[in-house]
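Pasted below: upload.txt, compact mmCIF, C-alpha atoms.
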```
# COMPACT_ATOMS: atom_id res chain seq x y z
CA MET J 1 41.37 -36.17 -23.42
CA SER J 2 38.11 -34.49 -22.48
CA LYS J 3 36.68 -31.96 -24.92
CA ILE J 4 34.55 -30.34 -22.20
CA LYS J 5 35.51 -26.80 -21.30
CA PRO J 6 36.14 -26.24 -17.57
CA SER J 7 33.72 -24.23 -15.48
CA LYS J 8 34.80 -20.66 -14.88
CA GLY J 9 33.27 -18.57 -12.14
CA ALA J 10 34.33 -16.11 -9.49
CA PRO J 11 37.38 -16.97 -7.40
CA TYR J 12 35.31 -16.71 -4.21
CA ALA J 13 31.81 -15.86 -3.03
CA ARG J 14 30.34 -13.61 -0.34
CA ILE J 15 27.08 -12.58 1.26
CA MET J 16 26.29 -9.20 -0.29
CA GLY J 17 22.99 -8.30 1.36
CA VAL J 18 20.48 -9.56 3.90
CA GLY J 19 16.77 -8.98 4.47
CA GLY J 20 14.05 -10.30 6.73
CA TYR J 21 10.31 -10.31 7.28
CA ARG J 22 8.50 -10.96 10.55
CA PRO J 23 4.69 -11.27 10.54
CA THR J 24 2.83 -8.38 12.09
CA ARG J 25 1.08 -10.45 14.77
CA VAL J 26 3.16 -10.84 17.93
CA VAL J 27 2.05 -13.77 20.09
CA PRO J 28 3.05 -13.70 23.79
CA ASN J 29 3.29 -16.78 25.97
CA GLU J 30 -0.08 -15.94 27.49
CA VAL J 31 -1.78 -16.95 24.25
CA ILE J 32 0.04 -20.31 24.23
CA LEU J 33 -1.10 -20.92 27.81
CA GLU J 34 -4.73 -20.91 26.66
CA THR J 35 -4.28 -24.42 25.25
CA ILE J 36 -1.55 -26.04 27.40
CA ASP J 37 -1.10 -26.52 31.14
CA SER J 38 2.06 -24.54 31.79
CA SER J 39 3.27 -21.08 32.83
CA ASP J 40 5.12 -18.14 31.39
CA GLU J 41 7.96 -18.80 33.83
CA TRP J 42 8.25 -22.45 32.73
CA ILE J 43 8.31 -21.55 29.03
CA ARG J 44 10.94 -18.86 29.53
CA SER J 45 13.12 -21.07 31.74
CA ARG J 46 12.96 -23.99 29.31
CA SER J 47 13.35 -22.11 26.04
CA GLY J 48 14.06 -18.43 26.64
CA ILE J 49 11.06 -17.57 24.45
CA ALA J 50 8.79 -14.69 25.47
CA THR J 51 7.02 -13.97 22.17
CA ARG J 52 6.88 -15.23 18.61
CA HIS J 53 5.36 -13.99 15.33
CA TRP J 54 2.48 -15.85 13.67
CA ALA J 55 1.48 -15.18 10.07
CA SER J 56 -1.95 -14.08 8.93
CA PRO J 57 -3.63 -15.82 5.98
CA GLU J 58 -2.22 -13.09 3.71
CA GLU J 59 1.32 -13.60 5.00
CA THR J 60 1.99 -16.71 2.95
CA VAL J 61 5.33 -18.44 2.47
CA ALA J 62 5.64 -16.66 -0.88
CA ALA J 63 4.53 -13.25 0.42
CA MET J 64 6.97 -13.28 3.34
CA SER J 65 9.78 -14.48 1.08
CA ILE J 66 9.13 -11.71 -1.43
CA GLU J 67 9.32 -9.06 1.30
CA ALA J 68 12.57 -10.43 2.71
CA SER J 69 14.06 -10.87 -0.77
CA GLY J 70 13.34 -7.29 -1.78
CA LYS J 71 15.26 -6.04 1.25
CA ALA J 72 18.19 -8.38 0.61
CA ILE J 73 18.44 -7.40 -3.07
CA ALA J 74 18.33 -3.70 -2.21
CA ASP J 75 20.94 -4.22 0.52
CA ALA J 76 23.18 -6.00 -2.00
CA GLY J 77 22.95 -3.05 -4.39
CA ILE J 78 21.82 -5.06 -7.38
CA THR J 79 18.57 -5.34 -9.33
CA PRO J 80 16.17 -8.31 -9.35
CA GLU J 81 16.98 -8.88 -13.02
CA GLN J 82 20.56 -9.75 -12.02
CA ILE J 83 19.47 -12.72 -9.88
CA ASP J 84 20.55 -15.95 -11.62
CA GLY J 85 19.40 -18.41 -8.98
CA VAL J 86 16.75 -18.65 -6.26
CA ILE J 87 17.06 -21.28 -3.53
CA VAL J 88 14.27 -21.61 -0.97
CA SER J 89 14.61 -23.71 2.16
CA THR J 90 11.27 -24.53 3.78
CA VAL J 91 9.24 -27.38 5.25
CA SER J 92 5.98 -25.43 5.41
CA HIS J 93 5.15 -24.88 1.74
CA PHE J 94 2.37 -27.42 1.31
CA LYS J 95 2.46 -27.89 -2.46
CA GLN J 96 4.64 -30.80 -3.50
CA THR J 97 5.12 -29.15 -6.88
CA PRO J 98 5.93 -26.69 -8.36
CA ALA J 99 8.72 -25.36 -6.18
CA ILE J 100 7.72 -22.15 -4.43
CA ALA J 101 11.09 -20.74 -5.56
CA THR J 102 9.76 -20.43 -9.12
CA GLU J 103 6.79 -18.30 -8.00
CA ILE J 104 9.01 -16.11 -5.83
CA ALA J 105 11.53 -15.67 -8.65
CA ASP J 106 8.78 -14.48 -10.98
CA LYS J 107 7.19 -12.09 -8.50
CA ILE J 108 10.45 -10.38 -7.51
CA GLY J 109 11.21 -9.75 -11.19
CA ALA J 110 14.15 -12.09 -11.69
CA SER J 111 14.83 -13.01 -15.30
CA ARG J 112 14.54 -16.79 -15.83
CA PRO J 113 16.82 -17.86 -12.95
CA ALA J 114 17.44 -21.39 -11.78
CA ALA J 115 14.90 -21.86 -9.00
CA PHE J 116 14.36 -24.75 -6.62
CA ASP J 117 13.35 -25.67 -3.08
CA ILE J 118 15.31 -27.70 -0.54
CA SER J 119 14.15 -29.46 2.61
CA ALA J 120 16.81 -29.57 5.30
CA GLY J 121 14.83 -28.27 8.27
CA CYS J 122 16.68 -25.95 10.61
CA ALA J 123 19.94 -26.59 8.75
CA GLY J 124 18.34 -25.40 5.50
CA PHE J 125 19.86 -21.94 5.39
CA GLY J 126 23.37 -23.37 5.68
CA TYR J 127 22.62 -25.90 2.95
CA GLY J 128 21.26 -23.17 0.67
CA LEU J 129 24.22 -20.89 1.36
CA THR J 130 26.65 -23.67 0.47
CA LEU J 131 24.83 -24.44 -2.78
CA ALA J 132 24.76 -20.75 -3.70
CA LYS J 133 28.48 -20.40 -3.04
CA GLY J 134 29.12 -23.36 -5.32
CA MET J 135 27.00 -21.87 -8.09
CA VAL J 136 28.89 -18.57 -7.99
CA VAL J 137 32.35 -20.15 -7.87
CA GLU J 138 31.46 -22.77 -10.47
CA GLY J 139 30.18 -20.07 -12.80
CA SER J 140 26.56 -21.10 -13.33
CA ALA J 141 25.34 -17.94 -11.58
CA ASP J 142 26.63 -14.49 -10.71
CA TYR J 143 24.09 -13.70 -8.01
CA VAL J 144 22.02 -16.20 -6.04
CA LEU J 145 19.15 -15.44 -3.68
CA VAL J 146 18.97 -17.78 -0.69
CA ILE J 147 15.73 -17.74 1.32
CA GLY J 148 14.85 -19.47 4.56
CA VAL J 149 11.11 -19.22 5.20
CA GLU J 150 8.62 -20.95 7.47
CA ARG J 151 5.00 -20.80 8.59
CA LEU J 152 5.50 -23.23 11.44
CA SER J 153 2.31 -22.06 13.10
CA ASP J 154 0.61 -24.25 10.47
CA LEU J 155 2.51 -27.28 11.78
CA THR J 156 2.19 -26.60 15.50
CA ASP J 157 0.03 -28.73 17.77
CA LEU J 158 -1.23 -26.11 20.22
CA GLU J 159 -2.15 -28.86 22.70
CA ASP J 160 1.33 -30.39 22.76
CA ARG J 161 2.89 -29.07 25.96
CA ALA J 162 6.40 -29.93 24.73
CA THR J 163 6.30 -27.97 21.46
CA ALA J 164 3.32 -25.57 21.39
CA PHE J 165 5.42 -22.64 22.59
CA LEU J 166 8.46 -23.20 20.38
CA PHE J 167 7.64 -22.24 16.83
CA GLY J 168 7.24 -18.97 14.96
CA ASP J 169 6.88 -17.71 11.40
CA GLY J 170 9.07 -15.51 9.22
CA ALA J 171 11.43 -15.24 6.27
CA GLY J 172 15.08 -14.32 5.92
CA ALA J 173 17.05 -13.90 2.72
CA VAL J 174 20.59 -13.21 1.56
CA VAL J 175 22.15 -12.46 -1.81
CA VAL J 176 25.33 -14.40 -2.56
CA GLY J 177 27.66 -13.00 -5.21
CA PRO J 178 31.29 -12.91 -6.38
CA ALA J 179 34.22 -11.94 -4.19
CA LYS J 180 37.94 -11.40 -4.70
CA GLU J 181 38.90 -12.99 -1.37
CA PRO J 182 37.42 -15.78 0.79
CA MET J 183 34.30 -14.48 2.58
CA ILE J 184 32.37 -17.74 2.98
CA GLY J 185 34.43 -20.48 4.55
CA PRO J 186 34.32 -24.23 3.98
CA THR J 187 31.06 -25.84 5.11
CA VAL J 188 31.04 -28.60 7.69
CA TRP J 189 27.75 -30.40 7.11
CA GLY J 190 26.15 -33.78 7.45
CA SER J 191 23.32 -35.75 9.00
CA GLU J 192 22.62 -38.47 11.56
CA GLY J 193 19.68 -40.32 10.09
CA ASP J 194 19.64 -42.90 12.86
CA LYS J 195 18.29 -40.11 15.07
CA SER J 196 15.74 -38.80 12.55
CA ASP J 197 12.76 -39.77 14.72
CA THR J 198 13.77 -37.27 17.41
CA ILE J 199 12.31 -34.41 15.31
CA LYS J 200 9.58 -35.37 12.89
CA GLN J 201 6.14 -34.77 11.43
CA THR J 202 3.55 -36.61 13.50
CA VAL J 203 1.99 -38.44 10.53
CA PRO J 204 2.61 -38.41 6.76
CA TRP J 205 0.35 -36.35 4.51
CA ASP J 206 -1.31 -39.39 2.98
CA ALA J 207 -2.52 -40.56 6.40
CA TYR J 208 -4.46 -37.32 6.74
CA ARG J 209 -5.70 -37.55 3.14
CA ASP J 210 -6.91 -41.11 3.56
CA GLY J 211 -8.73 -40.30 6.77
CA THR J 212 -6.46 -42.56 8.83
CA VAL J 213 -6.03 -39.68 11.26
CA GLU J 214 -8.30 -36.74 11.98
CA ARG J 215 -5.74 -34.21 13.19
CA PHE J 216 -3.63 -32.25 10.73
CA PRO J 217 0.07 -33.23 10.84
CA ALA J 218 2.30 -31.30 13.24
CA ILE J 219 5.95 -31.20 14.24
CA THR J 220 6.95 -33.16 17.31
CA GLN J 221 10.27 -33.80 18.98
CA GLU J 222 12.02 -35.58 21.83
CA GLY J 223 13.19 -32.47 23.66
CA GLN J 224 15.85 -33.93 25.93
CA ALA J 225 17.44 -36.03 23.18
CA VAL J 226 17.55 -33.03 20.82
CA PHE J 227 18.99 -30.82 23.56
CA ARG J 228 21.82 -33.23 24.35
CA TRP J 229 22.65 -33.73 20.68
CA ALA J 230 22.65 -30.01 19.92
CA VAL J 231 24.76 -29.04 22.92
CA PHE J 232 27.44 -31.72 22.66
CA GLU J 233 27.61 -32.68 19.01
CA MET J 234 26.95 -29.27 17.42
CA ALA J 235 29.61 -27.57 19.51
CA LYS J 236 32.05 -30.04 17.92
CA VAL J 237 30.74 -29.19 14.44
CA ALA J 238 31.05 -25.47 15.17
CA GLN J 239 34.67 -25.97 16.20
CA GLN J 240 35.31 -27.96 13.03
CA ALA J 241 33.95 -25.04 10.98
CA LEU J 242 36.34 -22.67 12.76
CA ASP J 243 39.23 -25.04 12.08
CA ALA J 244 38.23 -25.42 8.43
CA ALA J 245 38.21 -21.64 8.04
CA GLY J 246 41.62 -21.41 9.68
CA ILE J 247 40.54 -19.18 12.53
CA SER J 248 40.12 -19.44 16.28
CA SER J 249 37.25 -18.32 18.48
CA ALA J 250 39.33 -15.26 19.36
CA ASP J 251 39.11 -14.18 15.71
CA LEU J 252 35.31 -14.19 15.77
CA ASP J 253 33.19 -11.07 16.09
CA VAL J 254 29.75 -12.71 15.97
CA PHE J 255 28.15 -16.09 16.67
CA ILE J 256 24.81 -16.80 14.94
CA PRO J 257 23.52 -20.26 15.85
CA HIS J 258 20.13 -21.60 14.86
CA GLN J 259 17.60 -19.96 17.18
CA ALA J 260 16.12 -23.12 18.65
CA ASN J 261 16.40 -22.59 22.37
CA MET J 262 18.22 -20.09 24.60
CA ARG J 263 19.63 -22.85 26.80
CA ILE J 264 21.17 -24.55 23.78
CA ILE J 265 22.70 -21.26 22.63
CA ASP J 266 24.15 -20.47 26.06
CA SER J 267 25.52 -24.01 26.43
CA MET J 268 27.22 -23.85 23.02
CA VAL J 269 28.82 -20.51 23.92
CA LYS J 270 30.20 -22.07 27.10
CA THR J 271 31.41 -25.26 25.41
CA LEU J 272 33.12 -23.30 22.61
CA LYS J 273 34.65 -20.96 25.21
CA LEU J 274 33.77 -17.93 23.14
CA PRO J 275 35.49 -14.72 24.31
CA GLU J 276 33.33 -12.00 25.86
CA HIS J 277 33.84 -9.71 22.87
CA VAL J 278 31.89 -12.10 20.59
CA THR J 279 28.34 -10.90 19.97
CA VAL J 280 25.88 -13.79 20.29
CA ALA J 281 22.53 -13.80 18.47
CA ARG J 282 19.64 -14.44 20.87
CA ASP J 283 16.77 -13.59 18.56
CA VAL J 284 14.85 -16.63 19.82
CA GLU J 285 13.52 -14.61 22.77
CA THR J 286 11.17 -12.54 20.62
CA THR J 287 10.96 -14.62 17.43
CA GLY J 288 10.81 -18.23 18.59
CA ASN J 289 12.15 -21.08 16.50
CA THR J 290 11.64 -20.25 12.82
CA SER J 291 13.68 -23.20 11.51
CA ALA J 292 15.34 -22.33 8.17
CA ALA J 293 14.56 -18.63 8.62
CA SER J 294 16.20 -18.25 12.01
CA ILE J 295 19.81 -17.55 11.01
CA PRO J 296 19.16 -14.89 8.33
CA LEU J 297 16.52 -13.25 10.56
CA ALA J 298 18.97 -13.11 13.45
CA MET J 299 21.71 -11.84 11.14
CA GLU J 300 19.51 -9.04 9.85
CA ARG J 301 18.51 -7.97 13.37
CA LEU J 302 22.11 -7.86 14.60
CA LEU J 303 23.13 -5.66 11.66
CA ALA J 304 20.04 -3.44 11.91
CA THR J 305 20.53 -2.80 15.62
CA GLY J 306 24.26 -2.18 15.34
CA GLN J 307 25.17 -5.18 17.49
CA ALA J 308 27.11 -6.43 14.45
CA LYS J 309 28.59 -4.51 11.55
CA SER J 310 29.54 -5.04 7.95
CA GLY J 311 32.86 -6.85 7.66
CA ASP J 312 32.52 -8.72 10.94
CA THR J 313 33.56 -12.36 11.00
CA ALA J 314 30.66 -14.60 12.03
CA LEU J 315 30.25 -18.29 12.74
CA VAL J 316 26.83 -19.59 11.65
CA ILE J 317 25.47 -23.04 12.42
CA GLY J 318 22.09 -24.62 11.76
CA PHE J 319 20.89 -27.95 13.13
CA GLY J 320 17.64 -29.83 13.41
CA ALA J 321 15.36 -32.36 11.73
CA GLY J 322 17.17 -35.14 9.99
CA LEU J 323 19.20 -34.80 12.14
CA ALA J 324 20.95 -32.49 9.70
CA TYR J 325 23.48 -29.75 10.35
CA ALA J 326 25.63 -27.19 8.55
CA ALA J 327 28.21 -24.72 9.86
CA THR J 328 30.48 -22.19 8.23
CA VAL J 329 32.30 -18.93 8.86
CA VAL J 330 31.21 -15.87 6.88
CA THR J 331 32.00 -12.21 6.53
CA LEU J 332 28.87 -10.18 7.26
CA PRO J 333 27.59 -7.93 4.46
```
With the file now loaded, output its structure as structure tokens.
Amino acid sequence: MSKIKPSKGAPYARIMGVGGYRPTRVVPNEVILETIDSSDEWIRSRSGIATRHWASPEETVAAMSIEASGKAIADAGITPEQIDGVIVSTVSHFKQTPAIATEIADKIGASRPAAFDISAGCAGFGYGLTLAKGMVVEGSADYVLVIGVERLSDLTDLEDRATAFLFGDGAGAVVVGPAKEPMIGPTVWGSEGDKSDTIKQTVPWDAYRDGTVERFPAITQEGQAVFRWAVFEMAKVAQQALDAAGISSADLDVFIPHQANMRIIDSMVKTLKLPEHVTVARDVETTGNTSAASIPLAMERLLATGQAKSGDTALVIGFGAGLAYAATVVTLP
């Protein structure tokens, strides 16, 4: 017989607060057109993007995360000292070690929390949310800060006509804490590594270090392949998340997909046959694709503008590089 005591945490977990930070510089399509042969009409028709935010040198991954985290902690009604865990999802923090989560944890005033980074691309927020839920229910943490943050302008090839207009910068954060009833549903997640080359970094870091290539690494993708995968396969995953939560699309109030492309969002809404009463996040129009930050940023905007309200039932799904994905149903804070 085992002598190990069982873990003992909260019966359930919930999102308690949300916060976001968007860099002050707003970049319209006209700026993108200075380096690629295209048009504003083409960019809007292909992606739905009109503007995006690009960070200044002072708006670092850590600085943006700290701003978003402060808002999320205040919204949750707790103090920084109560944070037991900090999870940061990012692909644009360029130090291999230490994890940027440790620096953020220190600067927000958390008291010796578990702190680590994850790399799951555009699915990163869903991965972080799932890990945080597990920590709260397992009992290793009472309150966990989950941050999705990117400076994708650093990884954008401004001469690549297929991707130069897609990416933006920003940070979104949520606080996950205990609940007395289910408020974060089961996660449907996974990856399709055989398709990993459809979204990737152009060259590894050591190729740039060794002088094998002259251009700094950037993100590239096979647009049509990604579009087909996202529209057809991710709609299935979204439905699986609804089924796992025991609800139908008619029970939803809000749909918050990864803000990759307006056409993908609209196609998923159609495939899922979402009722007209469901509010759909379309933050991509003014924010661009911010990868791991896109879902919490869109969530914050919906709540701030009154398009969604506390207590609403929302389906969230992230998908991207890997090809990794994660979907779940949550109660909005």
Within 12 Å of range 155-165 of chain J: each range 175-270 of chain J residue with its shortest pair, all atoms listed in the file, as JSON lines:
```
{"residue": "J:Ile199", "atom": "CA", "partner": "J:Thr163", "partner_atom": "CA", "distance": 10.7}
{"residue": "J:Lys200", "atom": "CA", "partner": "J:Leu155", "partner_atom": "CA", "distance": 10.8}
{"residue": "J:Gln201", "atom": "CA", "partner": "J:Leu155", "partner_atom": "CA", "distance": 8.3}
{"residue": "J:Thr202", "atom": "CA", "partner": "J:Leu155", "partner_atom": "CA", "distance": 9.5}
{"residue": "J:Val203", "atom": "CA", "partner": "J:Leu155", "partner_atom": "CA", "distance": 11.2}
{"residue": "J:Trp205", "atom": "CA", "partner": "J:Leu155", "partner_atom": "CA", "distance": 11.8}
{"residue": "J:Arg215", "atom": "CA", "partner": "J:Asp157", "partner_atom": "CA", "distance": 9.2}
{"residue": "J:Phe216", "atom": "CA", "partner": "J:Leu155", "partner_atom": "CA", "distance": 8.0}
{"residue": "J:Pro217", "atom": "CA", "partner": "J:Leu155", "partner_atom": "CA", "distance": 6.5}
{"residue": "J:Ala218", "atom": "CA", "partner": "J:Leu155", "partner_atom": "CA", "distance": 4.3}
{"residue": "J:Ile219", "atom": "CA", "partner": "J:Leu155", "partner_atom": "CA", "distance": 5.8}
{"residue": "J:Thr220", "atom": "CA", "partner": "J:Thr163", "partner_atom": "CA", "distance": 6.7}
{"residue": "J:Gln221", "atom": "CA", "partner": "J:Thr163", "partner_atom": "CA", "distance": 7.5}
{"residue": "J:Glu222", "atom": "CA", "partner": "J:Ala162", "partner_atom": "CA", "distance": 8.5}
{"residue": "J:Gly223", "atom": "CA", "partner": "J:Ala162", "partner_atom": "CA", "distance": 7.3}
{"residue": "J:Gln224", "atom": "CA", "partner": "J:Ala162", "partner_atom": "CA", "distance": 10.3}
{"residue": "J:Ala260", "atom": "CA", "partner": "J:Thr163", "partner_atom": "CA", "distance": 11.3}
{"residue": "J:Asn261", "atom": "CA", "partner": "J:Phe165", "partner_atom": "CA", "distance": 11.0}
```
Tell me, as a list in words, which residues lie within 7 Å of Ala123 in chain J, counting only C-alpha atoms; anything in the same chain fewer than 6 positions away does not count.
Ala292, Gly318, Phe319, Gly320, Ala324, Tyr325 and Ala326 of chain J
Spatial neighbours of Tyr12 in chain J, 9 Å, all atoms listed in the file, chain gap at least 2 places, as a ChimeraX atom specification:
/J:9-10,14,133,136-137,177-184
Write out as a list in words the residues lying within 9 Å of His53 in chain J, counting all atoms listed in the file and excluding same-chain residues fewer than 4 positions away.
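Within the cut-off, the hits are Arg22, Pro23, Thr24, Arg25, Val26, Val27, Pro28, Ser153, Phe167, Gly168, Asp169, Gly170, Thr286, Thr287 and Gly288 of chain J.
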Quick one, how far is CA of Thr90 in chain J from CA of Cys122 in chain J?
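About the pair CA of Thr90 in chain J and CA of Cys122 in chain J: they are 8.8 Å apart.
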Have a look at J:Thr271, J:Thr290, J:Ser39, J:Thr305 and name the one nearest to Ala238 in chain J; count only C-alpha atoms.
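Closest to Ala238 in chain J of all the choices is J:Thr271.
The spacing separating CA of Trp54 in chain J from CA of Ile36 in chain J amounts to 17.6 Å.
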In Å, with one decimal, what is the gap from CA of Ala62 in chain J to CA of Glu103 in chain J?
7.4 Å
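Residues lying within 12 Å of Ala225 in chain J, counting all atoms listed in the file and ignoring same-chain neighbours fewer than 6 positions away, are Lys195, Ser196, Asp197, Thr198, Ile199, Val231, Phe232, Glu233, Gly320 and Leu323 of chain J.
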For the point (26.7, -9.8, 15.4) in the file's frame, write as a PDB file with C-alpha atoms, in the frame of the given file all residues with an atom no more than 7 Å away, counting all atoms listed in the file.
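Heads up, here's the output in point16.pdb:
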```
ATOM      1  CA  ASP J 253      33.190 -11.070  16.090  1.00  0.00           C
ATOM      2  CA  VAL J 254      29.750 -12.710  15.970  1.00  0.00           C
ATOM      3  CA  PHE J 255      28.150 -16.090  16.670  1.00  0.00           C
ATOM      4  CA  THR J 279      28.340 -10.900  19.970  1.00  0.00           C
ATOM      5  CA  VAL J 280      25.880 -13.790  20.290  1.00  0.00           C
ATOM      6  CA  ALA J 281      22.530 -13.800  18.470  1.00  0.00           C
ATOM      7  CA  MET J 299      21.710 -11.840  11.140  1.00  0.00           C
ATOM      8  CA  LEU J 302      22.110  -7.860  14.600  1.00  0.00           C
ATOM      9  CA  LEU J 303      23.130  -5.660  11.660  1.00  0.00           C
ATOM     10  CA  GLN J 307      25.170  -5.180  17.490  1.00  0.00           C
ATOM     11  CA  ALA J 308      27.110  -6.430  14.450  1.00  0.00           C
ATOM     12  CA  LYS J 309      28.590  -4.510  11.550  1.00  0.00           C
TER      13      LYS J 309
END
```
Is it possible to add all heavy atoms to range 87-95 of chain J and hand it back as an mmCIF file, in the coordinates of the input?
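Result written to selection.cif:
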```
data_model
loop_
_atom_site.group_PDB
_atom_site.id
_atom_site.type_symbol
_atom_site.label_atom_id
_atom_site.label_comp_id
_atom_site.auth_asym_id
_atom_site.auth_seq_id
_atom_site.Cartn_x
_atom_site.Cartn_y
_atom_site.Cartn_z
ATOM 1 N N ILE J 87 17.115 -20.060 -4.330
ATOM 2 C CA ILE J 87 17.060 -21.280 -3.530
ATOM 3 C C ILE J 87 16.197 -20.999 -2.308
ATOM 4 O O ILE J 87 16.467 -20.061 -1.558
ATOM 5 C CB ILE J 87 18.463 -21.719 -3.077
ATOM 6 C CG1 ILE J 87 19.386 -21.927 -4.278
ATOM 7 C CG2 ILE J 87 18.380 -22.984 -2.224
ATOM 8 C CD1 ILE J 87 20.846 -22.152 -3.901
ATOM 9 N N VAL J 88 15.167 -21.797 -2.115
ATOM 10 C CA VAL J 88 14.270 -21.610 -0.970
ATOM 11 C C VAL J 88 14.328 -22.840 -0.080
ATOM 12 O O VAL J 88 14.080 -23.960 -0.540
ATOM 13 C CB VAL J 88 12.816 -21.377 -1.429
ATOM 14 C CG1 VAL J 88 11.891 -21.272 -0.213
ATOM 15 C CG2 VAL J 88 12.720 -20.109 -2.270
ATOM 16 N N SER J 89 14.643 -22.630 1.183
ATOM 17 C CA SER J 89 14.610 -23.710 2.160
ATOM 18 C C SER J 89 13.361 -23.553 3.013
ATOM 19 O O SER J 89 13.172 -22.526 3.666
ATOM 20 C CB SER J 89 15.855 -23.684 3.051
ATOM 21 O OG SER J 89 15.779 -24.714 4.018
ATOM 22 N N THR J 90 12.503 -24.567 3.003
ATOM 23 C CA THR J 90 11.270 -24.530 3.780
ATOM 24 C C THR J 90 10.722 -25.932 3.965
ATOM 25 O O THR J 90 10.949 -26.807 3.126
ATOM 26 C CB THR J 90 10.212 -23.636 3.104
ATOM 27 O OG1 THR J 90 9.057 -23.520 3.946
ATOM 28 C CG2 THR J 90 9.798 -24.189 1.756
ATOM 29 N N VAL J 91 9.990 -26.132 5.060
ATOM 30 C CA VAL J 91 9.240 -27.380 5.250
ATOM 31 C C VAL J 91 7.749 -27.085 5.357
ATOM 32 O O VAL J 91 6.950 -27.988 5.589
ATOM 33 C CB VAL J 91 9.704 -28.145 6.508
ATOM 34 C CG1 VAL J 91 11.174 -28.524 6.394
ATOM 35 C CG2 VAL J 91 9.449 -27.343 7.785
ATOM 36 N N SER J 92 7.372 -25.817 5.182
ATOM 37 C CA SER J 92 5.980 -25.430 5.410
ATOM 38 C C SER J 92 5.299 -24.844 4.185
ATOM 39 O O SER J 92 4.313 -24.127 4.287
ATOM 40 C CB SER J 92 5.891 -24.456 6.593
ATOM 41 O OG SER J 92 6.853 -23.431 6.507
ATOM 42 N N HIS J 93 5.839 -25.151 3.003
ATOM 43 C CA HIS J 93 5.150 -24.880 1.740
ATOM 44 C C HIS J 93 4.448 -26.176 1.361
ATOM 45 O O HIS J 93 5.095 -27.184 1.102
ATOM 46 C CB HIS J 93 6.145 -24.463 0.659
ATOM 47 C CG HIS J 93 5.563 -24.448 -0.721
ATOM 48 N ND1 HIS J 93 4.452 -23.719 -1.052
ATOM 49 C CD2 HIS J 93 5.942 -25.084 -1.861
ATOM 50 C CE1 HIS J 93 4.164 -23.896 -2.319
ATOM 51 N NE2 HIS J 93 5.054 -24.719 -2.833
ATOM 52 N N PHE J 94 3.120 -26.170 1.352
ATOM 53 C CA PHE J 94 2.370 -27.420 1.310
ATOM 54 C C PHE J 94 2.067 -27.943 -0.087
ATOM 55 O O PHE J 94 1.337 -28.931 -0.235
ATOM 56 C CB PHE J 94 1.080 -27.282 2.111
ATOM 57 C CG PHE J 94 1.313 -27.095 3.586
ATOM 58 C CD1 PHE J 94 0.381 -26.439 4.364
ATOM 59 C CD2 PHE J 94 2.469 -27.564 4.190
ATOM 60 C CE1 PHE J 94 0.596 -26.264 5.732
ATOM 61 C CE2 PHE J 94 2.695 -27.399 5.552
ATOM 62 C CZ PHE J 94 1.753 -26.755 6.324
ATOM 63 N N LYS J 95 2.592 -27.330 -1.124
ATOM 64 C CA LYS J 95 2.460 -27.890 -2.460
ATOM 65 C C LYS J 95 3.716 -28.704 -2.787
ATOM 66 O O LYS J 95 4.827 -28.190 -2.705
ATOM 67 C CB LYS J 95 2.287 -26.777 -3.504
ATOM 68 C CG LYS J 95 0.934 -26.081 -3.464
ATOM 69 C CD LYS J 95 0.847 -25.047 -4.577
ATOM 70 C CE LYS J 95 -0.500 -24.334 -4.573
ATOM 71 N NZ LYS J 95 -0.584 -23.315 -5.656
#
```
